[in-house]
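Okay, coords.cif is below, mmCIF, C-alpha atoms (C1' of nucleotides):
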```cif
data_structure
loop_
_atom_site.label_atom_id
_atom_site.label_comp_id
_atom_site.auth_asym_id
_atom_site.auth_seq_id
_atom_site.Cartn_x
_atom_site.Cartn_y
_atom_site.Cartn_z
CA MET S 130 -24.22 -6.65 -31.90
CA THR S 131 -25.39 -5.21 -28.55
CA ILE S 132 -22.98 -4.44 -25.76
CA GLY S 133 -24.18 -7.52 -23.90
CA GLU S 134 -23.45 -9.79 -26.86
CA LEU S 135 -20.04 -8.26 -27.38
CA ALA S 136 -19.33 -8.68 -23.69
CA ALA S 137 -20.26 -12.35 -23.79
CA LEU S 138 -18.14 -12.83 -26.91
CA SER S 139 -15.08 -11.23 -25.39
CA ASN S 140 -15.45 -12.45 -21.82
CA LEU S 141 -15.76 -8.94 -20.47
CA LYS S 142 -18.49 -7.16 -18.56
CA PRO S 143 -20.43 -4.43 -20.36
CA SER S 144 -19.08 -2.00 -17.81
CA ALA S 145 -15.52 -2.78 -18.90
CA ILE S 146 -16.42 -2.13 -22.53
CA ARG S 147 -18.00 1.21 -21.65
CA PHE S 148 -14.93 2.00 -19.61
CA TYR S 149 -12.64 1.23 -22.56
CA GLU S 150 -14.76 3.48 -24.71
CA LYS S 151 -14.68 6.32 -22.19
CA THR S 152 -10.89 6.08 -21.90
CA GLY S 153 -10.41 5.99 -25.66
CA LEU S 154 -9.28 2.42 -26.19
CA LEU S 155 -12.36 1.47 -28.10
CA PRO S 156 -13.97 3.80 -30.66
CA ALA S 157 -17.50 4.90 -29.81
CA PRO S 158 -19.78 2.68 -31.91
CA ALA S 159 -22.93 3.62 -33.78
CA ARG S 160 -26.07 4.14 -31.69
CA LYS S 161 -29.57 2.91 -32.26
CA ASN S 162 -32.06 4.71 -29.99
CA GLY S 163 -29.25 5.61 -27.66
CA ARG S 164 -27.91 2.05 -27.49
CA ARG S 165 -24.51 0.95 -28.70
CA VAL S 166 -24.39 -1.22 -31.81
CA TYR S 167 -21.09 -2.96 -32.52
CA SER S 168 -19.56 -4.54 -35.59
CA SER S 169 -17.32 -7.60 -35.34
CA GLU S 170 -14.39 -5.20 -35.71
CA ALA S 171 -14.91 -4.33 -32.04
CA ALA S 172 -14.41 -7.93 -31.00
CA ASN S 173 -11.02 -8.00 -32.72
CA ARG S 174 -10.05 -4.83 -31.01
CA LEU S 175 -11.00 -6.30 -27.65
CA THR S 176 -9.05 -9.47 -28.35
CA LEU S 177 -6.03 -7.35 -29.12
CA ILE S 178 -6.50 -5.27 -25.99
CA GLY S 179 -6.88 -8.39 -23.88
CA PHE S 180 -3.67 -9.82 -25.28
CA ALA S 181 -1.71 -6.67 -24.69
CA LYS S 182 -3.09 -6.43 -21.18
CA ASP S 183 -2.12 -10.03 -20.43
CA THR S 184 1.39 -9.35 -21.59
CA GLY S 185 1.83 -6.46 -19.20
CA PHE S 186 0.81 -3.38 -21.19
CA SER S 187 -1.02 -0.68 -19.27
CA LEU S 188 -4.17 0.79 -20.78
CA PRO S 189 -2.48 4.11 -21.63
CA GLU S 190 0.28 2.19 -23.42
CA ILE S 191 -2.23 0.16 -25.37
CA LYS S 192 -3.99 3.36 -26.29
CA LEU S 193 -0.73 4.79 -27.60
CA LEU S 194 0.02 1.68 -29.62
CA LEU S 195 -3.47 1.65 -31.09
CA HIS S 196 -3.62 5.35 -31.87
CA GLY S 197 -0.26 6.75 -32.90
CA PHE S 198 -0.12 4.43 -35.83
CA PRO S 199 3.17 4.36 -37.72
CA SER S 200 3.54 6.52 -40.73
CA THR S 201 6.51 8.63 -41.69
CA THR S 202 5.30 11.39 -39.36
CA THR S 203 6.72 12.36 -36.01
CA ALA S 204 3.88 10.54 -34.30
CA GLY S 205 4.94 7.45 -36.20
CA ASP S 206 8.43 7.83 -34.87
CA ARG S 207 7.16 7.95 -31.30
CA TRP S 208 5.13 4.87 -32.07
CA ARG S 209 8.18 3.06 -33.41
CA LYS S 210 10.18 3.97 -30.34
CA LEU S 211 7.49 2.72 -28.02
CA ALA S 212 6.99 -0.45 -30.02
CA THR S 213 10.70 -1.17 -30.18
CA SER S 214 11.08 -0.70 -26.46
CA LYS S 215 8.05 -2.89 -25.86
CA ILE S 216 9.48 -5.66 -28.02
CA GLY S 217 12.56 -5.61 -25.83
CA GLN S 218 10.51 -5.64 -22.66
CA LEU S 219 8.55 -8.57 -23.95
CA GLU S 220 11.79 -10.42 -24.66
CA ALA S 221 12.87 -9.78 -21.08
CA SER S 222 9.60 -10.90 -19.59
CA ILE S 223 9.65 -14.05 -21.69
CA ALA S 224 13.09 -14.82 -20.26
CA LYS S 225 11.76 -14.20 -16.77
CA ALA S 226 8.77 -16.40 -17.35
CA ARG S 227 11.03 -19.20 -18.59
CA ALA S 228 13.27 -18.77 -15.54
CA ILE S 229 10.31 -19.03 -13.18
CA GLN S 230 8.97 -22.02 -15.08
CA GLY S 231 12.32 -23.71 -14.74
CA MET S 232 12.40 -22.91 -11.07
CA LEU S 233 8.94 -24.27 -10.43
CA ARG S 234 9.80 -27.43 -12.33
CA SER S 235 13.00 -28.04 -10.43
CA ILE S 236 11.31 -27.39 -7.12
CA MET S 237 8.75 -30.00 -7.98
CA LYS S 238 11.49 -32.47 -8.85
CA CYS S 239 14.09 -31.64 -6.22
CA ARG S 240 14.15 -31.88 -2.48
CA CYS S 241 15.32 -28.41 -1.54
CA VAL S 242 14.64 -27.67 2.09
CA THR S 243 13.49 -24.10 1.53
CA MET S 244 12.28 -22.08 -1.41
CA ASP S 245 15.06 -19.62 -0.71
CA GLN S 246 17.65 -22.24 -1.66
CA CYS S 247 16.07 -22.36 -5.05
CA ALA S 248 15.83 -18.57 -5.10
CA ARG S 249 19.55 -18.39 -4.44
CA GLY S 250 20.14 -20.49 -7.51
CA LEU S 251 17.78 -18.34 -9.52
CA ALA S 252 19.41 -15.12 -8.39
CA ALA S 253 22.85 -16.47 -9.26
CA CYS S 254 21.65 -17.38 -12.73
CA LEU S 255 20.11 -14.01 -13.32
CA LYS S 256 22.87 -11.80 -12.10
CA THR S 257 25.76 -13.24 -14.06
CA PRO S 258 25.30 -13.63 -17.82
CA PRO S 259 22.90 -11.37 -19.72
CA ALA S 260 20.82 -14.18 -21.14
CA ARG S 261 20.54 -17.94 -20.78
CA ALA S 262 18.61 -17.70 -17.52
CA ALA S 263 16.13 -20.25 -18.74
CA ARG S 264 18.48 -23.19 -18.58
CA CYS S 265 19.58 -22.79 -14.97
CA ARG S 266 19.04 -25.57 -12.51
CA THR S 267 18.41 -24.97 -8.87
CA SER S 268 18.69 -28.30 -7.12
CA MET V 75 22.36 -4.65 5.78
CA THR V 76 19.92 -1.86 6.61
CA ILE V 77 16.54 -1.52 4.95
CA GLY V 78 17.86 1.38 2.88
CA GLU V 79 20.77 -0.63 1.55
CA LEU V 80 18.53 -3.57 0.74
CA ALA V 81 16.15 -1.20 -0.99
CA ALA V 82 18.94 0.25 -3.14
CA LEU V 83 20.19 -3.24 -3.93
CA SER V 84 16.79 -4.49 -5.03
CA ASN V 85 15.47 -1.32 -6.68
CA LEU V 86 12.61 -1.06 -4.28
CA LYS V 87 11.60 1.61 -1.80
CA PRO V 88 11.94 0.84 1.88
CA SER V 89 8.19 1.22 2.15
CA ALA V 90 7.71 -1.64 -0.30
CA ILE V 91 9.99 -3.87 1.73
CA ARG V 92 8.09 -3.10 4.93
CA PHE V 93 4.88 -3.75 3.06
CA TYR V 94 6.12 -7.15 1.90
CA GLU V 95 7.08 -7.97 5.45
CA LYS V 96 3.69 -6.91 6.81
CA THR V 97 1.89 -9.03 4.25
CA GLY V 98 4.06 -12.07 4.90
CA LEU V 99 6.10 -12.25 1.70
CA LEU V 100 9.34 -11.45 3.42
CA PRO V 101 10.24 -12.90 6.83
CA ALA V 102 10.68 -10.33 9.60
CA PRO V 103 14.44 -9.86 9.92
CA ALA V 104 16.51 -9.48 13.07
CA ARG V 105 16.32 -6.12 14.82
CA LYS V 106 19.11 -4.00 16.24
CA ASN V 107 17.72 -1.22 18.43
CA GLY V 108 14.40 -1.49 16.74
CA ARG V 109 15.89 -1.34 13.24
CA ARG V 110 15.73 -4.08 10.69
CA VAL V 111 18.97 -5.88 9.86
CA TYR V 112 18.95 -8.02 6.73
CA SER V 113 21.15 -10.83 5.45
CA SER V 114 21.87 -11.27 1.75
CA GLU V 115 19.23 -14.00 1.82
CA ALA V 116 16.63 -11.23 1.78
CA ALA V 117 17.96 -9.84 -1.49
CA ASN V 118 17.52 -13.23 -3.15
CA ARG V 119 14.01 -13.41 -1.86
CA LEU V 120 13.25 -9.98 -3.27
CA THR V 121 14.77 -10.91 -6.63
CA LEU V 122 12.51 -13.92 -6.71
CA ILE V 123 9.46 -11.89 -5.72
CA GLY V 124 10.26 -9.29 -8.38
CA PHE V 125 10.54 -11.95 -11.01
CA ALA V 126 7.30 -13.58 -10.07
CA LYS V 127 5.57 -10.22 -10.01
CA ASP V 128 6.90 -9.35 -13.46
CA THR V 129 5.57 -12.60 -14.81
CA GLY V 130 2.06 -11.89 -13.60
CA PHE V 131 1.85 -13.47 -10.16
CA SER V 132 -0.18 -11.62 -7.55
CA LEU V 133 1.34 -11.12 -4.12
CA PRO V 134 -0.99 -13.68 -2.48
CA GLU V 135 0.03 -16.23 -5.11
CA ILE V 136 3.70 -15.53 -4.55
CA LYS V 137 3.11 -15.94 -0.84
CA LEU V 138 1.52 -19.31 -1.45
CA LEU V 139 4.36 -20.46 -3.66
CA LEU V 140 6.94 -19.31 -1.14
CA HIS V 141 5.20 -20.76 1.88
CA GLY V 142 3.39 -23.98 1.14
CA PHE V 143 6.60 -25.63 0.18
CA PRO V 144 6.34 -29.07 -1.40
CA SER V 145 6.72 -32.07 0.79
CA THR V 146 4.59 -35.19 0.78
CA THR V 147 1.97 -33.43 2.91
CA THR V 148 -1.41 -32.16 1.82
CA ALA V 149 -0.02 -28.63 1.76
CA GLY V 150 2.64 -29.87 -0.64
CA ASP V 151 -0.07 -31.23 -2.88
CA ARG V 152 -1.77 -27.87 -2.96
CA TRP V 153 1.57 -26.30 -3.78
CA ARG V 154 2.11 -28.73 -6.64
CA LYS V 155 -1.30 -28.01 -8.03
CA LEU V 156 -0.74 -24.28 -7.94
CA ALA V 157 2.74 -24.60 -9.42
CA THR V 158 1.55 -26.87 -12.21
CA SER V 159 -1.25 -24.52 -13.12
CA LYS V 160 1.15 -21.59 -13.00
CA ILE V 161 3.58 -23.35 -15.33
CA GLY V 162 0.76 -23.71 -17.81
CA GLN V 163 -0.27 -20.10 -17.42
CA LEU V 164 3.30 -19.01 -18.00
CA GLU V 165 3.40 -21.06 -21.18
CA ALA V 166 0.26 -19.30 -22.36
CA SER V 167 1.54 -15.86 -21.53
CA ILE V 168 4.81 -16.58 -23.32
CA ALA V 169 2.81 -17.49 -26.40
CA LYS V 170 0.85 -14.26 -26.07
CA ALA V 171 3.98 -12.22 -25.64
CA ARG V 172 5.45 -13.80 -28.79
CA ALA V 173 2.25 -13.08 -30.68
CA ILE V 174 2.31 -9.44 -29.69
CA GLN V 175 6.00 -9.19 -30.51
CA GLY V 176 5.30 -10.60 -33.92
CA MET V 177 2.47 -8.18 -34.40
CA LEU V 178 4.54 -5.17 -33.39
CA ARG V 179 7.32 -6.29 -35.73
CA SER V 180 5.03 -6.73 -38.69
CA ILE V 181 3.34 -3.42 -38.06
CA MET V 182 6.73 -1.76 -38.14
CA LYS V 183 7.55 -3.47 -41.40
CA CYS V 184 4.21 -3.35 -43.14
CA ARG V 185 1.99 -0.57 -44.40
CA CYS V 186 -1.32 -1.53 -42.85
CA VAL V 187 -3.72 1.39 -42.84
CA THR V 188 -5.08 0.74 -39.36
CA MET V 189 -3.99 -1.23 -36.35
CA ASP V 190 -7.27 -3.07 -36.49
CA GLN V 191 -6.25 -4.69 -39.78
CA CYS V 192 -3.33 -6.19 -37.92
CA ALA V 193 -5.58 -7.06 -35.01
CA ARG V 194 -7.82 -8.94 -37.42
CA GLY V 195 -4.86 -11.00 -38.46
CA LEU V 196 -3.90 -11.59 -34.88
CA ALA V 197 -7.40 -12.60 -33.88
CA ALA V 198 -7.58 -15.03 -36.78
CA CYS V 199 -4.29 -16.60 -35.73
CA LEU V 200 -5.39 -16.95 -32.14
CA LYS V 201 -8.82 -18.38 -32.64
CA THR V 202 -8.00 -21.26 -34.94
CA PRO V 203 -5.19 -23.59 -33.86
CA PRO V 204 -4.35 -24.01 -30.17
CA ALA V 205 -0.70 -23.07 -30.54
CA ARG V 206 1.62 -21.66 -33.21
CA ALA V 207 0.30 -18.12 -32.81
CA ALA V 208 3.83 -16.77 -32.74
CA ARG V 209 4.50 -17.37 -36.39
CA CYS V 210 1.52 -15.53 -37.81
CA ARG V 211 1.98 -12.64 -40.18
CA THR V 212 -0.38 -9.74 -40.36
CA SER V 213 0.50 -7.76 -43.44
"C1'" DC P 67 26.52 17.71 21.81
"C1'" DT P 68 23.84 18.55 18.33
"C1'" DA P 69 22.04 18.75 13.46
"C1'" DG P 70 20.34 16.03 10.06
"C1'" DA P 71 19.85 11.68 7.69
"C1'" DA P 72 17.69 7.43 8.05
"C1'" DG P 73 14.76 4.31 10.75
"C1'" DT P 74 10.24 3.17 13.36
"C1'" DT P 75 4.89 2.87 13.61
"C1'" DG P 76 -0.06 2.95 12.26
"C1'" DA P 77 -3.17 5.20 9.46
"C1'" DA P 78 -4.53 7.52 5.60
"C1'" DG P 79 -3.80 8.57 0.62
"C1'" DT P 80 -2.80 7.23 -4.36
"C1'" DT P 81 -3.18 4.88 -8.87
"C1'" DG P 82 -4.94 1.81 -12.27
"C1'" DA P 83 -8.57 -0.77 -13.78
"C1'" DC P 84 -12.70 -1.62 -13.31
"C1'" DT P 85 -17.54 -2.42 -10.84
"C1'" DT P 86 -21.55 -0.92 -8.59
"C1'" DT P 87 -25.26 2.18 -7.76
"C1'" DA P 88 -28.98 5.25 -8.68
"C1'" DA P 89 -32.16 6.90 -11.55
"C1'" DG P 90 -33.87 6.49 -15.44
"C1'" DT P 91 -35.05 4.77 -20.98
"C1'" DC P 92 -36.25 1.33 -24.37
"C1'" DA P 93 -38.26 -3.05 -26.41
"C1'" DA P 94 -40.28 -7.64 -26.53
"C1'" DG P 95 -43.60 -11.04 -24.69
"C1'" DG P 96 -48.03 -12.08 -22.54
"C1'" DC A 287 -50.90 -1.99 -21.66
"C1'" DC A 288 -47.70 -3.55 -18.62
"C1'" DT A 289 -44.02 -5.94 -16.76
"C1'" DT A 290 -39.31 -7.57 -17.25
"C1'" DG A 291 -34.82 -7.30 -18.58
"C1'" DA A 292 -31.15 -5.15 -21.11
"C1'" DC A 293 -29.64 -0.74 -21.94
"C1'" DT A 294 -28.23 4.51 -20.76
"C1'" DT A 295 -25.54 8.05 -17.72
"C1'" DA A 296 -22.57 10.13 -14.09
"C1'" DA A 297 -20.78 9.39 -9.84
"C1'" DA A 298 -19.23 6.79 -6.23
"C1'" DG A 299 -17.15 2.44 -4.60
"C1'" DT A 300 -13.62 -1.39 -4.69
"C1'" DC A 301 -9.26 -3.84 -4.81
"C1'" DA A 302 -4.31 -4.52 -5.16
"C1'" DA A 303 -0.08 -2.77 -4.34
"C1'" DC A 304 2.14 0.48 -2.70
"C1'" DT A 305 3.34 5.44 -0.98
"C1'" DT A 306 2.93 9.21 2.01
"C1'" DC A 307 2.16 11.30 6.39
"C1'" DA A 308 2.78 12.41 11.23
"C1'" DA A 309 5.04 11.81 15.18
"C1'" DC A 310 8.69 9.86 17.03
"C1'" DT A 311 13.57 7.47 17.85
"C1'" DT A 312 18.32 6.45 16.62
"C1'" DC A 313 22.62 6.54 14.28
"C1'" DT A 314 26.60 9.40 12.18
"C1'" DA A 315 29.54 13.38 11.29
"C1'" DG A 316 31.38 17.65 12.67
#
```

Can you present the structure in this file as structure tokens?
Amino acid sequence: MTIGELAALSNLKPSAIRFYEKTGLLPAPARKNGRRVYSSEAANRLTLIGFAKDTGFSLPEIKLLLHGFPSTTTAGDRWRKLATSKIGQLEASIAKARAIQGMLRSIMKCRCVTMDQCARGLAACLKTPPARAARCRTS
Amino acid sequence: MTIGELAALSNLKPSAIRFYEKTGLLPAPARKNGRRVYSSEAANRLTLIGFAKDTGFSLPEIKLLLHGFPSTTTAGDRWRKLATSKIGQLEASIAKARAIQGMLRSIMKCRCVTMDQCARGLAACLKTPPARAARCRTS
DNA sequence: CTAGAAGTTGAAGTTGACTTTAAGTCAAGG
DNA sequence: CCTTGACTTAAAGTCAACTTCAACTTCTAG
């Protein structure tokens, strides 16, 4: 696969793929006459990177998660720590997403005069109990 | 409330609050001798903005959602369209977050040799059925 | 009354994640 | 053979979202 084909397949620009390679997210592929030749492995990697990016990981974090792969070594322990903390962060951002969804839905249904009324409701929901933010109503 | 107190309350820097004001996300508050004086309303607004930001909204989008409030007007229709599309996007990003969570969990449990093995599993899960990505296993 | 902390402004600087540009190399079709 | 288009590089440019700076004013405590 050429870089152009891989780009089309993964909805990225070639420049982004080169950038990922330069910053160590993507392994440097084989070359044929100076040109990059990719296996389908690369497409999986890019899918994974895209997912992580969409869920709020920074490129350095993704790099860490991809590289320091868990074993019983010290590096593996760092990986586990990072992964565990990320799982928690994901849980939190899922809760936030649900809260915002709920808010948008109630705004569409209700007749609040200002968005801030709804925000007040949201803030109240979020500050009191640790979880259960998703089921709050604002109108 | 002064800008410093509001900043402490909302875990932002004063500069960020001024920036939000300049870009229209936060209404300009009353002034006392040239200094900004905030009501608790502002804190709710910032909580809301923070939430939206964490769930992947850009500042212009947040501005739109805060401003073009739904009524029966044309502006309200635009708001509804944006909100509806955002609800869908949130659903998608929740699914992605769950998928990544699942992947991180299985990596911690399993003994895959490379992350890309797990990525292969993830990619397979994501490309076939529209939903249900969250329950895939990779090891 | 005065030092120092906190506030004000506009403008310039920073960071992350790419994209664009410039100057070239390679390969496939006519 | 020659053009056309996809590829190569390093370096510079862009954009969002802030932060920092410089120069100044104002509030608060001793």

- Enumerate, as a PyMOL selection string, the residues matched when the PyMOL selection byres ((chain P) within 8 of (chain V)) is run on the file above. chain P and resi 72-74

Save out the residues we just selected, C-alpha atoms (C1' of nucleotides), as a CSV table (one decimal), in the coordinates of the input.
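Once written, again37.csv looks like this:
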```
chain,number,residue,atom,x,y,z
P,72,DA,C1',17.7,7.4,8.0
P,73,DG,C1',14.8,4.3,10.8
P,74,DT,C1',10.2,3.2,13.4
```

Pull out every residue of chain A that has at least one atom within 9 Å of chain V, counting all atoms listed in the file, and report them as a compact mmCIF listing (two decimals) with C-alpha atoms (C1' of nucleotides), in the frame of the given file.
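Here's the written file out-v1.txt:
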```txt
# COMPACT_ATOMS: atom_id res chain seq x y z
C1' DA A 302 -4.31 -4.52 -5.16
C1' DA A 303 -0.08 -2.77 -4.34
C1' DC A 304 2.14 0.48 -2.70
C1' DT A 305 3.34 5.44 -0.98
C1' DT A 312 18.32 6.45 16.62
```

- Task: List the residues selected by the PyMOL selection byres ((chain S and resi 171) around 9) in the file shown, writing them as a PyMOL selection string.
- Result: (chain S and resi 135+155-156+158+167-170+172-176) or (chain V and resi 190)

- Task: Pull out every residue that the PyMOL selection byres ((chain P and resi 87) around 12) matches in the shown coordinates and put them as a list in words.
- Result: DT85, DT86, DA88 and DA89 of chain P; DT295, DA296, DA297, DA298 and DG299 of chain A

- For atom C1' of P:DA77 and atom CA of V:Phe131, the interatomic separation in Å (one decimal): 27.5 Å

- Name the closest residue to chain V among the candidates S:Leu211, S:Ala226, S:Met130, S:Ile178; distances are taken between atoms, counting all atoms listed in the file.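 So, comparing all the options, the nearest one is S:Ala226.
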
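Between atom CA of S:Ile146 and atom C1' of P:DC92 there is a distance of 20.2 Å.
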
- Task: Could you please determine the separation between atom C1' of A:DT314 and atom C1' of P:DG76 in Å, to one decimal place?
- Result: 27.4 Å

- Item | V:Ile174 environment, 10 Å, only C-alpha atoms (C1' of nucleotides), sequence neighbours closer than 2 positions dropped, as a list in words | Leu177, Phe180, Ala181, Thr184, Lys215, Ile216 and Leu219 of chain S; Ile168, Ala169, Lys170, Ala171, Arg172, Gly176, Met177, Leu178, Arg179, Ser180, Ala193, Leu196, Ala207 and Ala208 of chain V
